[in-house]
>>> print(open('input.cif').read())   # mmCIF, C-alpha atoms
data_coords
#
loop_
_atom_site.label_atom_id
_atom_site.label_comp_id
_atom_site.auth_asym_id
_atom_site.auth_seq_id
_atom_site.Cartn_x
_atom_site.Cartn_y
_atom_site.Cartn_z
CA MET A 1 60.72 -89.33 58.02
CA SER A 2 56.95 -89.17 57.79
CA SER A 3 54.77 -88.34 60.80
CA SER A 4 53.07 -91.18 62.67
CA PRO A 5 49.29 -91.35 63.29
CA HIS A 6 49.97 -90.33 66.88
CA ASP A 7 51.62 -87.10 65.63
CA TYR A 8 48.56 -86.31 63.46
CA ILE A 9 46.30 -86.81 66.46
CA GLN A 10 48.45 -84.41 68.51
CA LYS A 11 48.39 -81.82 65.68
CA GLY A 12 44.65 -82.18 65.45
CA ILE A 13 44.23 -81.60 69.19
CA GLN A 14 46.48 -78.49 69.05
CA ASN A 15 44.52 -77.04 66.08
CA ALA A 16 41.24 -77.72 67.87
CA GLU A 17 42.45 -75.91 70.99
CA ARG A 18 43.54 -72.89 68.92
CA ALA A 19 40.22 -72.93 67.07
CA THR A 20 38.30 -72.87 70.36
CA GLU A 21 40.37 -69.92 71.62
CA GLU A 22 39.84 -67.95 68.39
CA ASP A 23 36.12 -68.81 68.48
CA LYS A 24 35.80 -67.39 72.01
CA ALA A 25 37.68 -64.27 70.93
CA HIS A 26 35.26 -63.86 67.96
CA ASN A 27 38.11 -64.25 65.47
CA TYR A 28 35.85 -66.34 63.27
CA GLU A 29 38.00 -66.52 60.15
CA ALA A 30 40.97 -67.93 62.14
CA SER A 31 38.76 -70.32 64.08
CA ILE A 32 37.30 -71.76 60.85
CA LYS A 33 40.80 -72.46 59.50
CA ASN A 34 41.88 -74.18 62.72
CA TYR A 35 38.68 -76.24 62.99
CA MET A 36 39.14 -77.50 59.42
CA ALA A 37 42.88 -78.18 60.02
CA ALA A 38 42.04 -80.18 63.14
CA ALA A 39 39.46 -82.21 61.21
CA GLU A 40 41.94 -82.90 58.40
CA CYS A 41 44.69 -84.10 60.80
CA LEU A 42 42.35 -86.39 62.71
CA MET A 43 40.87 -87.93 59.53
CA HIS A 44 44.42 -88.61 58.28
CA ALA A 45 45.16 -90.42 61.55
CA VAL A 46 42.00 -92.55 61.22
CA LYS A 47 42.73 -93.40 57.60
CA TYR A 48 46.37 -94.46 57.99
CA GLY A 49 46.74 -95.33 61.68
CA ALA A 50 46.35 -98.71 63.41
CA MET A 51 43.72 -98.28 66.13
CA ASN A 52 40.65 -100.04 67.47
CA GLU A 53 37.16 -99.35 66.14
CA GLN A 54 35.98 -97.59 69.30
CA LEU A 55 38.79 -95.01 69.03
CA LYS A 56 38.01 -94.46 65.34
CA GLN A 57 34.36 -93.75 66.16
CA ASN A 58 35.36 -91.27 68.87
CA ILE A 59 37.71 -89.44 66.51
CA ARG A 60 35.08 -89.35 63.71
CA ALA A 61 32.58 -87.83 66.16
CA LYS A 62 35.12 -85.12 67.05
CA VAL A 63 35.74 -84.46 63.34
CA SER A 64 31.99 -84.10 62.70
CA SER A 65 31.63 -81.63 65.58
CA TYR A 66 34.57 -79.50 64.31
CA ILE A 67 33.18 -79.37 60.75
CA LYS A 68 29.67 -78.58 62.00
CA ARG A 69 30.96 -75.70 64.12
CA ALA A 70 32.96 -74.32 61.18
CA GLU A 71 29.83 -74.37 58.98
CA GLU A 72 27.80 -72.64 61.71
CA ILE A 73 30.39 -69.86 61.92
CA LYS A 74 30.34 -69.48 58.11
CA ALA A 75 26.53 -69.20 58.08
CA THR A 76 26.56 -66.65 60.93
CA SER A 77 29.21 -64.58 59.16
CA LYS A 78 27.20 -64.64 55.91
CA ASN A 79 24.00 -63.43 57.64
CA GLY A 80 25.97 -60.69 59.39
CA ASP A 81 27.39 -59.48 56.07
CA GLU A 82 23.90 -59.40 54.54
CA LYS A 83 22.58 -57.34 57.45
CA LYS A 84 25.50 -54.92 57.11
CA LYS A 85 24.83 -54.62 53.40
CA ALA A 86 21.14 -53.93 54.03
CA VAL A 87 21.99 -51.15 56.51
CA THR A 88 24.65 -49.71 54.19
CA ASP A 89 22.12 -49.59 51.35
CA GLY A 90 19.67 -47.75 53.61
CA GLY A 91 17.48 -50.82 53.96
CA ASN A 92 16.23 -52.90 56.81
CA PRO A 93 17.33 -56.48 57.58
CA LYS A 94 13.68 -57.51 57.87
CA ASP A 95 12.91 -55.96 54.49
CA ASN A 96 15.85 -57.84 53.04
CA LYS A 97 14.38 -61.10 54.36
CA ASP A 98 11.07 -60.26 52.72
CA ASP A 99 12.89 -59.71 49.44
CA ASP A 100 14.49 -63.13 49.77
CA ASP A 101 11.06 -64.65 50.34
CA GLY A 102 9.82 -62.79 47.28
CA ASP A 103 12.49 -64.53 45.21
CA ASP A 104 11.01 -67.92 46.08
CA PRO A 105 10.08 -69.38 42.67
CA ASP A 106 7.24 -71.54 44.10
CA ARG A 107 5.64 -68.53 45.76
CA LYS A 108 5.98 -66.47 42.57
CA ARG A 109 4.37 -69.30 40.58
CA MET A 110 1.41 -69.46 42.99
CA MET A 111 0.98 -65.69 42.98
CA ARG A 112 0.93 -65.68 39.17
CA LYS A 113 -1.64 -68.52 39.16
CA PHE A 114 -4.06 -66.62 41.37
CA GLU A 115 -3.48 -63.39 39.48
CA GLY A 116 -4.46 -65.37 36.37
CA ALA A 117 -7.68 -66.41 38.15
CA ILE A 118 -8.86 -62.78 38.25
CA VAL A 119 -12.12 -62.51 36.29
CA THR A 120 -12.34 -59.58 33.90
CA ASP A 121 -15.47 -58.48 32.05
CA PRO A 122 -17.82 -61.48 32.60
CA GLN A 123 -20.69 -59.42 31.02
CA VAL A 124 -23.45 -60.70 33.33
CA SER A 125 -25.51 -58.16 35.24
CA PHE A 126 -28.04 -58.51 38.06
CA SER A 127 -30.81 -57.81 35.55
CA ASP A 128 -29.81 -61.02 33.71
CA VAL A 129 -30.46 -63.06 36.87
CA VAL A 130 -34.14 -64.04 36.98
CA GLY A 131 -35.69 -63.79 40.47
CA LEU A 132 -33.55 -64.17 43.65
CA GLU A 133 -34.38 -60.64 44.77
CA GLN A 134 -33.39 -61.13 48.43
CA ALA A 135 -30.06 -62.67 47.44
CA LYS A 136 -29.35 -59.76 45.09
CA GLU A 137 -30.18 -57.22 47.79
CA ALA A 138 -27.91 -58.97 50.32
CA LEU A 139 -25.05 -59.06 47.83
CA LYS A 140 -25.52 -55.40 46.91
CA GLU A 141 -25.37 -54.55 50.61
CA ALA A 142 -22.19 -56.59 51.07
CA VAL A 143 -20.37 -55.71 47.86
CA ILE A 144 -21.55 -52.63 46.01
CA LEU A 145 -22.53 -50.21 48.80
CA PRO A 146 -19.21 -50.45 50.75
CA VAL A 147 -17.28 -49.67 47.56
CA LYS A 148 -19.58 -46.85 46.43
CA PHE A 149 -20.20 -45.31 49.87
CA PRO A 150 -17.25 -46.26 52.11
CA GLN A 151 -18.09 -43.47 54.59
CA LEU A 152 -21.24 -45.36 55.61
CA PHE A 153 -19.29 -48.46 56.69
CA GLN A 154 -17.01 -47.22 59.44
CA GLY A 155 -16.63 -48.09 63.12
CA LYS A 156 -19.01 -50.80 64.23
CA ARG A 157 -20.93 -50.79 60.94
CA LYS A 158 -18.86 -53.16 58.81
CA PRO A 159 -19.72 -54.92 55.55
CA TRP A 160 -20.05 -58.70 55.52
CA ALA A 161 -16.71 -60.52 55.25
CA GLY A 162 -18.07 -63.94 54.23
CA ILE A 163 -21.18 -64.96 52.27
CA LEU A 164 -22.19 -68.54 51.51
CA LEU A 165 -24.56 -69.22 48.61
CA TYR A 166 -26.10 -72.67 48.90
CA GLY A 167 -28.94 -74.56 47.30
CA PRO A 168 -29.74 -77.30 44.77
CA PRO A 169 -27.46 -77.60 41.73
CA GLY A 170 -28.29 -75.46 38.71
CA THR A 171 -30.10 -72.66 40.55
CA GLY A 172 -27.68 -69.88 39.53
CA LYS A 173 -25.16 -69.58 42.37
CA SER A 174 -22.14 -69.27 40.07
CA TYR A 175 -24.15 -67.10 37.67
CA LEU A 176 -24.93 -64.76 40.55
CA ALA A 177 -21.21 -64.58 41.33
CA LYS A 178 -20.51 -63.53 37.72
CA ALA A 179 -23.12 -60.79 38.07
CA ILE A 180 -21.32 -59.51 41.18
CA ALA A 181 -18.05 -59.43 39.24
CA THR A 182 -19.71 -57.24 36.62
CA GLU A 183 -21.62 -54.94 38.97
CA CYS A 184 -18.89 -54.18 41.51
CA LYS A 185 -15.70 -52.27 40.81
CA SER A 186 -13.62 -54.66 42.93
CA THR A 187 -11.09 -57.26 41.87
CA PHE A 188 -12.84 -60.61 41.44
CA ILE A 189 -10.79 -63.82 41.90
CA SER A 190 -12.58 -67.08 41.07
CA VAL A 191 -11.00 -70.35 42.28
CA SER A 192 -12.05 -73.93 42.96
CA SER A 193 -10.65 -76.64 45.20
CA SER A 194 -8.49 -77.97 42.34
CA ASP A 195 -6.68 -74.59 42.20
CA LEU A 196 -5.77 -74.84 45.89
CA LEU A 197 -5.15 -78.54 46.55
CA SER A 198 -1.88 -80.24 45.60
CA LYS A 199 -0.39 -83.71 45.97
CA TRP A 200 2.87 -82.22 47.31
CA LEU A 201 3.23 -81.88 51.08
CA GLY A 202 2.68 -78.31 52.27
CA GLU A 203 1.73 -76.94 48.82
CA SER A 204 -2.00 -76.77 49.55
CA GLU A 205 -1.55 -74.60 52.66
CA LYS A 206 0.81 -72.33 50.71
CA GLY A 207 -1.83 -72.05 48.00
CA VAL A 208 -4.49 -70.92 50.48
CA LYS A 209 -2.09 -68.40 52.03
CA CYS A 210 -1.03 -67.02 48.63
CA LEU A 211 -4.68 -66.65 47.57
CA PHE A 212 -5.42 -64.41 50.55
CA GLU A 213 -2.14 -62.51 50.10
CA VAL A 214 -3.10 -61.68 46.51
CA SER A 215 -6.61 -60.62 47.62
CA ARG A 216 -5.22 -58.33 50.37
CA GLU A 217 -2.83 -56.72 47.91
CA ARG A 218 -5.74 -55.98 45.53
CA GLN A 219 -8.31 -54.58 47.99
CA PRO A 220 -11.20 -54.12 47.52
CA CYS A 221 -11.35 -57.74 46.39
CA ILE A 222 -13.88 -60.58 46.17
CA VAL A 223 -12.65 -64.19 46.41
CA PHE A 224 -15.18 -66.63 44.95
CA ILE A 225 -14.65 -70.30 45.86
CA ASP A 226 -16.94 -72.67 43.95
CA GLU A 227 -17.90 -76.04 45.49
CA ILE A 228 -16.27 -75.15 48.82
CA ASP A 229 -17.47 -78.41 50.40
CA ALA A 230 -14.65 -80.20 48.54
CA LEU A 231 -12.14 -78.00 50.39
CA CYS A 232 -13.67 -77.52 53.83
CA GLY A 233 -15.68 -80.58 54.78
CA GLN A 234 -16.28 -81.80 58.32
CA ARG A 235 -13.14 -82.51 60.36
CA ASN A 236 -12.92 -86.04 61.77
CA ASP A 237 -10.43 -88.61 63.02
CA THR A 238 -10.24 -90.49 59.72
CA GLU A 239 -9.22 -87.59 57.47
CA SER A 240 -5.63 -87.11 56.31
CA GLU A 241 -3.20 -84.75 57.98
CA SER A 242 -2.82 -82.66 54.80
CA SER A 243 -6.60 -82.13 54.59
CA ARG A 244 -6.70 -81.01 58.22
CA ARG A 245 -3.85 -78.54 57.64
CA VAL A 246 -5.62 -77.01 54.63
CA LYS A 247 -8.79 -76.42 56.67
CA THR A 248 -6.78 -74.93 59.53
CA GLU A 249 -4.97 -72.57 57.16
CA PHE A 250 -8.26 -71.55 55.58
CA LEU A 251 -9.76 -70.78 59.00
CA VAL A 252 -6.73 -68.72 60.03
CA GLN A 253 -6.60 -66.75 56.78
CA MET A 254 -10.33 -65.98 56.84
CA GLN A 255 -10.50 -64.89 60.45
CA GLY A 256 -7.44 -65.52 62.57
CA VAL A 257 -5.21 -63.61 64.98
CA GLY A 258 -3.16 -61.05 63.08
CA THR A 259 -5.08 -61.30 59.79
CA ASP A 260 -6.59 -58.11 58.42
CA ASN A 261 -9.11 -58.87 55.69
CA ALA A 262 -10.67 -55.41 55.57
CA GLY A 263 -11.71 -54.90 51.96
CA VAL A 264 -11.76 -58.65 51.22
CA LEU A 265 -15.07 -60.52 50.79
CA VAL A 266 -15.02 -64.32 50.64
CA LEU A 267 -17.94 -65.56 48.55
CA ALA A 268 -18.50 -69.31 48.36
CA ALA A 269 -21.01 -71.68 46.76
CA THR A 270 -22.02 -75.24 47.62
CA ASN A 271 -24.78 -77.73 46.93
CA ILE A 272 -24.35 -79.56 50.25
CA PRO A 273 -23.96 -76.93 53.02
CA TRP A 274 -24.52 -79.49 55.79
CA ALA A 275 -21.19 -81.12 54.81
CA LEU A 276 -19.23 -77.99 55.76
CA ASP A 277 -17.18 -77.89 58.94
CA THR A 278 -18.84 -75.98 61.79
CA ALA A 279 -15.93 -73.53 62.12
CA ILE A 280 -16.02 -72.83 58.37
CA ARG A 281 -19.76 -72.24 58.52
CA ARG A 282 -19.22 -69.68 61.29
CA ARG A 283 -16.80 -67.73 59.08
CA PHE A 284 -19.60 -67.16 56.57
CA GLU A 285 -21.73 -64.63 58.41
CA LYS A 286 -24.44 -64.57 55.72
CA ARG A 287 -25.75 -67.91 54.47
CA ILE A 288 -28.22 -67.37 51.64
CA TYR A 289 -30.43 -70.11 50.22
CA ILE A 290 -30.72 -70.06 46.42
CA PRO A 291 -33.91 -72.10 45.81
CA LEU A 292 -35.45 -73.61 42.69
CA PRO A 293 -37.22 -71.00 40.53
CA GLY A 294 -40.93 -70.34 40.99
CA VAL A 295 -43.59 -70.51 38.27
CA ASN A 296 -43.10 -66.95 36.98
CA GLU A 297 -39.30 -67.32 37.08
CA ARG A 298 -39.50 -70.58 35.10
CA ALA A 299 -41.69 -68.94 32.44
CA ALA A 300 -39.13 -66.14 32.08
CA MET A 301 -36.30 -68.69 31.90
CA PHE A 302 -37.98 -70.64 29.09
CA LYS A 303 -38.28 -67.43 27.12
CA THR A 304 -34.68 -66.41 27.86
CA HIS A 305 -33.08 -69.77 27.10
CA LEU A 306 -34.98 -70.24 23.85
CA GLY A 307 -33.55 -66.92 22.76
CA THR A 308 -35.03 -63.93 20.96
CA SER A 309 -33.19 -64.83 17.75
CA SER A 310 -34.65 -68.36 17.55
CA TYR A 311 -37.61 -68.85 15.21
CA HIS A 312 -40.56 -70.21 17.21
CA THR A 313 -44.36 -70.20 17.16
CA ILE A 314 -44.94 -70.27 20.93
CA LYS A 315 -47.60 -67.81 22.10
CA GLU A 316 -47.30 -65.64 25.20
CA HIS A 317 -49.77 -67.60 27.35
CA GLU A 318 -48.00 -70.89 26.47
CA TRP A 319 -44.84 -69.88 28.39
CA LEU A 320 -46.84 -70.08 31.62
CA GLN A 321 -48.21 -73.49 30.63
CA LEU A 322 -44.65 -74.75 30.21
CA ALA A 323 -43.75 -73.29 33.62
CA HIS A 324 -46.57 -75.22 35.32
CA LYS A 325 -45.40 -78.44 33.64
CA SER A 326 -41.81 -77.97 34.86
CA ASP A 327 -42.17 -78.17 38.63
CA HIS A 328 -38.85 -79.03 40.43
CA TYR A 329 -36.84 -77.97 37.35
CA SER A 330 -33.79 -75.80 38.03
CA GLY A 331 -32.53 -73.05 35.72
CA ALA A 332 -29.89 -75.44 34.33
CA ASP A 333 -32.58 -78.09 33.70
CA ILE A 334 -34.68 -75.56 31.77
CA ALA A 335 -31.65 -74.63 29.66
CA VAL A 336 -31.20 -78.32 28.73
CA VAL A 337 -34.91 -78.61 27.85
CA CYS A 338 -34.65 -75.60 25.54
CA ARG A 339 -31.56 -77.02 23.83
CA GLU A 340 -33.40 -80.29 23.23
CA ALA A 341 -36.43 -78.40 21.85
CA LEU A 342 -34.22 -76.40 19.49
CA LEU A 343 -32.74 -79.61 18.05
CA ARG A 344 -36.08 -81.34 17.40
CA PRO A 345 -37.03 -79.25 14.29
CA ILE A 346 -33.56 -79.95 12.83
CA ARG A 347 -34.17 -83.69 13.20
CA ARG A 348 -37.50 -83.34 11.35
CA LEU A 349 -35.75 -81.38 8.62
CA GLY A 350 -33.62 -84.38 7.67
CA SER A 351 -36.68 -86.46 6.78
CA ALA A 352 -38.72 -83.63 5.17
CA THR A 353 -39.97 -84.24 1.57
CA HIS A 354 -42.11 -81.14 0.98
CA PHE A 355 -41.18 -77.43 1.21
CA LYS A 356 -42.91 -74.13 0.51
CA ARG A 357 -41.72 -70.59 -0.22
CA VAL A 358 -41.89 -68.06 2.66
CA GLN A 359 -40.86 -64.41 3.01
CA ASN A 360 -37.42 -63.86 4.50
CA PRO A 361 -37.78 -61.69 7.65
CA SER A 362 -34.18 -60.47 7.28
CA PRO A 363 -33.47 -57.58 4.88
CA ASN A 364 -30.24 -59.29 3.75
CA GLY A 365 -30.09 -62.35 1.51
CA PRO A 366 -32.76 -63.83 -0.79
CA ARG A 367 -36.32 -62.49 -0.46
CA LEU A 368 -37.91 -65.95 -0.48
CA LEU A 369 -36.74 -69.02 1.43
CA TRP A 370 -37.71 -72.69 1.46
CA LEU A 371 -39.50 -73.85 4.63
CA ALA A 372 -40.31 -77.50 5.40
CA CYS A 373 -44.07 -78.21 5.46
CA SER A 374 -46.56 -81.06 5.37
CA PRO A 375 -47.55 -82.67 2.04
CA GLY A 376 -51.12 -81.42 2.47
CA ASP A 377 -50.08 -77.73 2.50
CA THR A 378 -51.54 -75.79 -0.45
CA ASP A 379 -48.16 -74.30 -1.43
CA ALA A 380 -46.19 -77.50 -0.83
CA VAL A 381 -43.59 -78.52 -3.41
CA GLU A 382 -42.09 -81.99 -3.37
CA LEU A 383 -38.40 -81.40 -2.90
CA LYS A 384 -35.40 -83.03 -1.24
CA LEU A 385 -33.16 -81.25 1.23
CA ASP A 386 -30.11 -81.93 -0.94
CA GLY A 387 -31.66 -79.89 -3.77
CA ILE A 388 -31.83 -76.64 -1.73
CA ASN A 389 -28.95 -74.17 -1.43
CA SER A 390 -27.91 -73.50 2.18
CA GLU A 391 -28.59 -69.75 1.92
CA GLU A 392 -32.14 -70.41 0.62
CA LEU A 393 -33.18 -72.69 3.52
CA CYS A 394 -35.40 -71.18 6.23
CA GLU A 395 -34.78 -72.13 9.85
CA PRO A 396 -37.58 -74.48 10.99
CA PRO A 397 -39.62 -73.05 13.89
CA VAL A 398 -39.77 -74.47 17.41
CA THR A 399 -43.36 -75.28 18.35
CA ILE A 400 -45.09 -75.78 21.70
CA SER A 401 -45.24 -79.52 20.93
CA ASP A 402 -41.43 -79.53 20.63
CA MET A 403 -41.15 -77.92 24.07
CA VAL A 404 -43.60 -80.39 25.66
CA ALA A 405 -41.82 -83.34 24.05
CA ALA A 406 -38.46 -82.03 25.33
CA LEU A 407 -39.92 -81.71 28.83
CA SER A 408 -41.05 -85.34 28.75
CA THR A 409 -37.57 -86.59 27.79
CA GLN A 410 -35.45 -84.29 30.02
CA LYS A 411 -36.22 -84.99 33.67
CA PRO A 412 -35.32 -82.66 36.58
CA THR A 413 -32.05 -83.31 38.42
CA VAL A 414 -33.27 -82.28 41.90
CA GLY A 415 -35.32 -84.73 43.98
CA GLU A 416 -37.74 -84.12 46.82
CA SER A 417 -35.31 -85.61 49.37
CA ASP A 418 -32.62 -83.12 48.32
CA LEU A 419 -35.04 -80.21 48.81
CA LEU A 420 -35.96 -81.41 52.30
CA LEU A 421 -32.30 -81.36 53.35
CA GLN A 422 -31.86 -77.84 51.93
CA LYS A 423 -34.98 -76.56 53.71
CA LYS A 424 -33.89 -78.12 57.01
CA PHE A 425 -30.48 -76.41 56.79
CA THR A 426 -32.16 -73.09 55.96
CA GLU A 427 -34.43 -73.34 58.98
CA GLU A 428 -31.44 -73.96 61.27
CA PHE A 429 -28.64 -71.83 59.80
CA GLY A 430 -29.60 -69.87 56.67
CA GLN A 431 -31.96 -67.34 55.13
CA GLU A 432 -34.13 -67.31 52.02
CA GLY A 433 -32.65 -65.70 48.91
CA SER A 434 -35.74 -65.55 46.69
#
>>> encode(input="input.cif", output="structure tokens")
Amino acid sequence: MSSSPHDYIQKGIQNAERATEEDKAHNYEASIKNYMAAAECLMHAVKYGAMNEQLKQNIRAKVSSYIKRAEEIKATSKNGDEKKKAVTDGGNPKDNKDDDDGDDPDRKRMMRKFEGAIVTDPQVSFSDVVGLEQAKEALKEAVILPVKFPQLFQGKRKPWAGILLYGPPGTGKSYLAKAIATECKSTFISVSSSDLLSKWLGESEKGVKCLFEVSRERQPCIVFIDEIDALCGQRNDTESESSRRVKTEFLVQMQGVGTDNAGVLVLAATNIPWALDTAIRRRFEKRIYIPLPGVNERAAMFKTHLGTSSYHTIKEHEWLQLAHKSDHYSGADIAVVCREALLRPIRRLGSATHFKRVQNPSPNGPRLLWLACSPGDTDAVELKLDGINSEELCEPPVTISDMVAALSTQKPTVGESDLLLQKKFTEEFGQEGS
């Protein structure tokens, strides 16, 4: 004769009592078996017995508590076995936990991403950076001297831990960072806000933490964050919770309780320093203004961007004339002007109808080349461009008129209002870098 639901309930109660006794006696294997047997008996009674809904709910609650306790005992037993194994292997339970964390695939992926952001051989030196002498001296003091002469930076004399480069766009902040990567013997990690921010909850904070973990492992290390205002803007009541958490994590990692960033320099660049959060600004002990180039710097930039290999007829005194005509132009603006000037002779070449023979300055190739000229030239020959072999065509020269015409078409990107904001911030919080 089969057992009634009442009998299953009684069996379940007996198994539960035995399980509790074994649990108190630390006989965990026996207690797990009895807890699971009690749960099985009670569920059988609920399934096949005639009882009111309130009693069924009470029994199901008991079943859930028995199963939960059995799972807790299993988890405790598993952790205890792992600790025993760690001690048996001569390890440490804490070290074993660290190894488990190291097996986290998301963390490994992030670590690999930031290791891939390490800049190697950018081939830009301080001598390639025109002007900005004060900025270069401050960066040498913060980066190169501590690595070359570590004995000088001990005790209270410590190198700068955070440097902010700010100024109008196109003035060479990122270029200066590349020069640091070349000059110093430290690891150089270059990241932007897109490398750190993620749409997944909690991923952005992990990214910031992993970035600093990689930099601490590779001391001495420089972390360069371009356009930091996108990552660490002013905190307010309308911003999202994820944005606030990222800023908090960044503050803690840069200079928080328990963080040791000795040997790590955080170098950042921004065009709008006034948009940075006050606490972030405090973390950057040196705030260096990278201004628009002066007249002499602009003349040198015109010469550099046009290139020594480009064929031009511009005289030495004309570089300074171009510099005076290019007030408020940044280094990037001058580069665009030079590119436009280099293309203008090519446009004229397409409509040229007369060419003359000139001596090839290169020792290789044909001795004489065809150069476009005006019809009134004494040596001019009426000829179409299609009738000239590519290796016999001479590169048309860039003239001063090409440069002036390019200046008239390419306007500067920095306005007077932008410069006033930069100067105001410098007066309150920064220092000149030129």
>>> closest_residue(input="input.cif", among="A:Val63, A:Leu211, A:Ile400, A:Ala75", to="A:Val191", atoms="only C-alpha atoms")
A:Leu211
>>> resolve_selection(input="input.cif", expression="the PyMOL selection byres ((chain A and resi 277) around 6)", output="PyMOL selection string")
chain A and resi 233-234+276+278-280
>>> write_last_selection(input="input.cif", atoms="C-alpha atoms", output="PDB file, keeping the file's coordinate frame")
ATOM      1  CA  GLY A 233     -15.680 -80.580  54.780  1.00  0.00           C
ATOM      2  CA  GLN A 234     -16.280 -81.800  58.320  1.00  0.00           C
ATOM      3  CA  LEU A 276     -19.230 -77.990  55.760  1.00  0.00           C
ATOM      4  CA  THR A 278     -18.840 -75.980  61.790  1.00  0.00           C
ATOM      5  CA  ALA A 279     -15.930 -73.530  62.120  1.00  0.00           C
ATOM      6  CA  ILE A 280     -16.020 -72.830  58.370  1.00  0.00           C
TER       7      ILE A 280
END
>>> residues_near_point(input="input.cif", point="(-40.9, -83.3, 3.7)", cutoff="10 Å", atoms="all atoms listed in the file", output="list of chain:residue names")
A:Arg348, A:Leu349, A:Gly350, A:Ser351, A:Ala352, A:Thr353, A:His354, A:Phe355, A:Lys356, A:Leu371, A:Ala372, A:Cys373, A:Ser374, A:Pro375, A:Ala380, A:Val381, A:Glu382, A:Leu383, A:Lys384, A:Leu385
>>> resolve_selection(input="input.cif", expression="the PyMOL selection byres ((chain A and resi 172-179) around 6)", output="PyMOL selection string")
chain A and resi 124-126+170-171+180-182
>>> atom_distance(input="input.cif", atom1="atom CA of A:Arg245", atom2="atom CA of A:Glu205")
6.8 Å
>>> closest_residue(input="input.cif", among="A:Glu203, A:Pro291, A:Tyr28, A:Lys209", to="A:Ser77", atoms="all atoms listed in the file")
A:Tyr28
>>> resolve_selection(input="input.cif", expression="the PyMOL selection byres ((chain A and resi 132) around 9)", output="PDB file with C-alpha atoms, in the coordinates of the input")
ATOM      1  CA  VAL A 129     -30.460 -63.060  36.870  1.00  0.00           C
ATOM      2  CA  VAL A 130     -34.140 -64.040  36.980  1.00  0.00           C
ATOM      3  CA  GLY A 131     -35.690 -63.790  40.470  1.00  0.00           C
ATOM      4  CA  GLU A 133     -34.380 -60.640  44.770  1.00  0.00           C
ATOM      5  CA  GLN A 134     -33.390 -61.130  48.430  1.00  0.00           C
ATOM      6  CA  ALA A 135     -30.060 -62.670  47.440  1.00  0.00           C
ATOM      7  CA  LYS A 136     -29.350 -59.760  45.090  1.00  0.00           C
ATOM      8  CA  GLU A 137     -30.180 -57.220  47.790  1.00  0.00           C
ATOM      9  CA  ILE A 290     -30.720 -70.060  46.420  1.00  0.00           C
ATOM     10  CA  PRO A 291     -33.910 -72.100  45.810  1.00  0.00           C
ATOM     11  CA  PRO A 293     -37.220 -71.000  40.530  1.00  0.00           C
ATOM     12  CA  GLU A 432     -34.130 -67.310  52.020  1.00  0.00           C
ATOM     13  CA  GLY A 433     -32.650 -65.700  48.910  1.00  0.00           C
ATOM     14  CA  SER A 434     -35.740 -65.550  46.690  1.00  0.00           C
TER      15      SER A 434
END
>>> atom_distance(input="input.cif", atom1="atom CA of A:Leu342", atom2="atom CA of A:Gly167")
28.4 Å
>>> residues_near_point(input="input.cif", point="(-31.4, -80.6, 52.7)", cutoff="9 Å", atoms="only C-alpha atoms", output="count of residues only")
15
>>> closest_residue(input="input.cif", among="A:Leu306, A:Ile334, A:Met254, A:Ile163", to="A:Tyr289", atoms="only C-alpha atoms")
A:Ile163
>>> atom_distance(input="input.cif", atom1="atom CA of A:Phe188", atom2="atom CA of A:Gly263")
12.0 Å
>>> closest_residue(input="input.cif", among="A:Leu201, A:Ile225, A:Leu145, A:Cys41", to="A:Ser242", atoms="only C-alpha atoms")
A:Leu201
>>> residues_around(input="input.cif", residues="A:Ile228", least_positions_apart="2", cutoff="8 Å", atoms="only C-alpha atoms", output="mmCIF file with C-alpha atoms, in the frame of the given file")
data_model
loop_
_atom_site.group_PDB
_atom_site.id
_atom_site.type_symbol
_atom_site.label_atom_id
_atom_site.label_comp_id
_atom_site.auth_asym_id
_atom_site.auth_seq_id
_atom_site.Cartn_x
_atom_site.Cartn_y
_atom_site.Cartn_z
ATOM 1 C CA SER A 192 -12.050 -73.930 42.960
ATOM 2 C CA SER A 193 -10.650 -76.640 45.200
ATOM 3 C CA ILE A 225 -14.650 -70.300 45.860
ATOM 4 C CA ASP A 226 -16.940 -72.670 43.950
ATOM 5 C CA ALA A 230 -14.650 -80.200 48.540
ATOM 6 C CA LEU A 231 -12.140 -78.000 50.390
ATOM 7 C CA CYS A 232 -13.670 -77.520 53.830
ATOM 8 C CA ALA A 268 -18.500 -69.310 48.360
ATOM 9 C CA ALA A 269 -21.010 -71.680 46.760
ATOM 10 C CA THR A 270 -22.020 -75.240 47.620
#
>>> closest_residue(input="input.cif", among="A:Leu265, A:Ala30, A:Ile388, A:Val404", to="A:Arg216", atoms="all atoms listed in the file")
A:Leu265
>>> residues_around(input="input.cif", residues="A:Glu213", least_positions_apart="6", cutoff="10 Å", atoms="only C-alpha atoms", output="PyMOL selection string")
chain A and resi 111+114+207+253+261
>>> closest_residue(input="input.cif", among="A:Leu393, A:Val337, A:Ile73, A:Ile222", to="A:Ala405", atoms="all atoms listed in the file")
A:Val337
>>> residues_around(input="input.cif", residues="stretch 47-61 of chain A", least_positions_apart="6", cutoff="12 Å", atoms="only C-alpha atoms", output="list in words")
Ser2, Ser3, Ser4, Pro5, His6, Asp7, Tyr8, Ile9, Gly12, Ile13, Ala38, Ala39, Glu40, Cys41, Ile67 and Lys68 of chain A
>>> residues_around(input="input.cif", residues="A:Ala300", least_positions_apart="6", cutoff="9 Å", atoms="all atoms listed in the file", output="list of chain:residue names")
A:Val130, A:Trp319, A:Leu320, A:Ala323
>>> residues_around(input="input.cif", residues="A:Thr409", least_positions_apart="5", cutoff="12 Å", atoms="all atoms listed in the file", output="list in words")
Ser326, Asp333, Val336, Val337, Cys338, Arg339, Glu340, Ala341, Arg344, Asp402, Met403 and Val404 of chain A
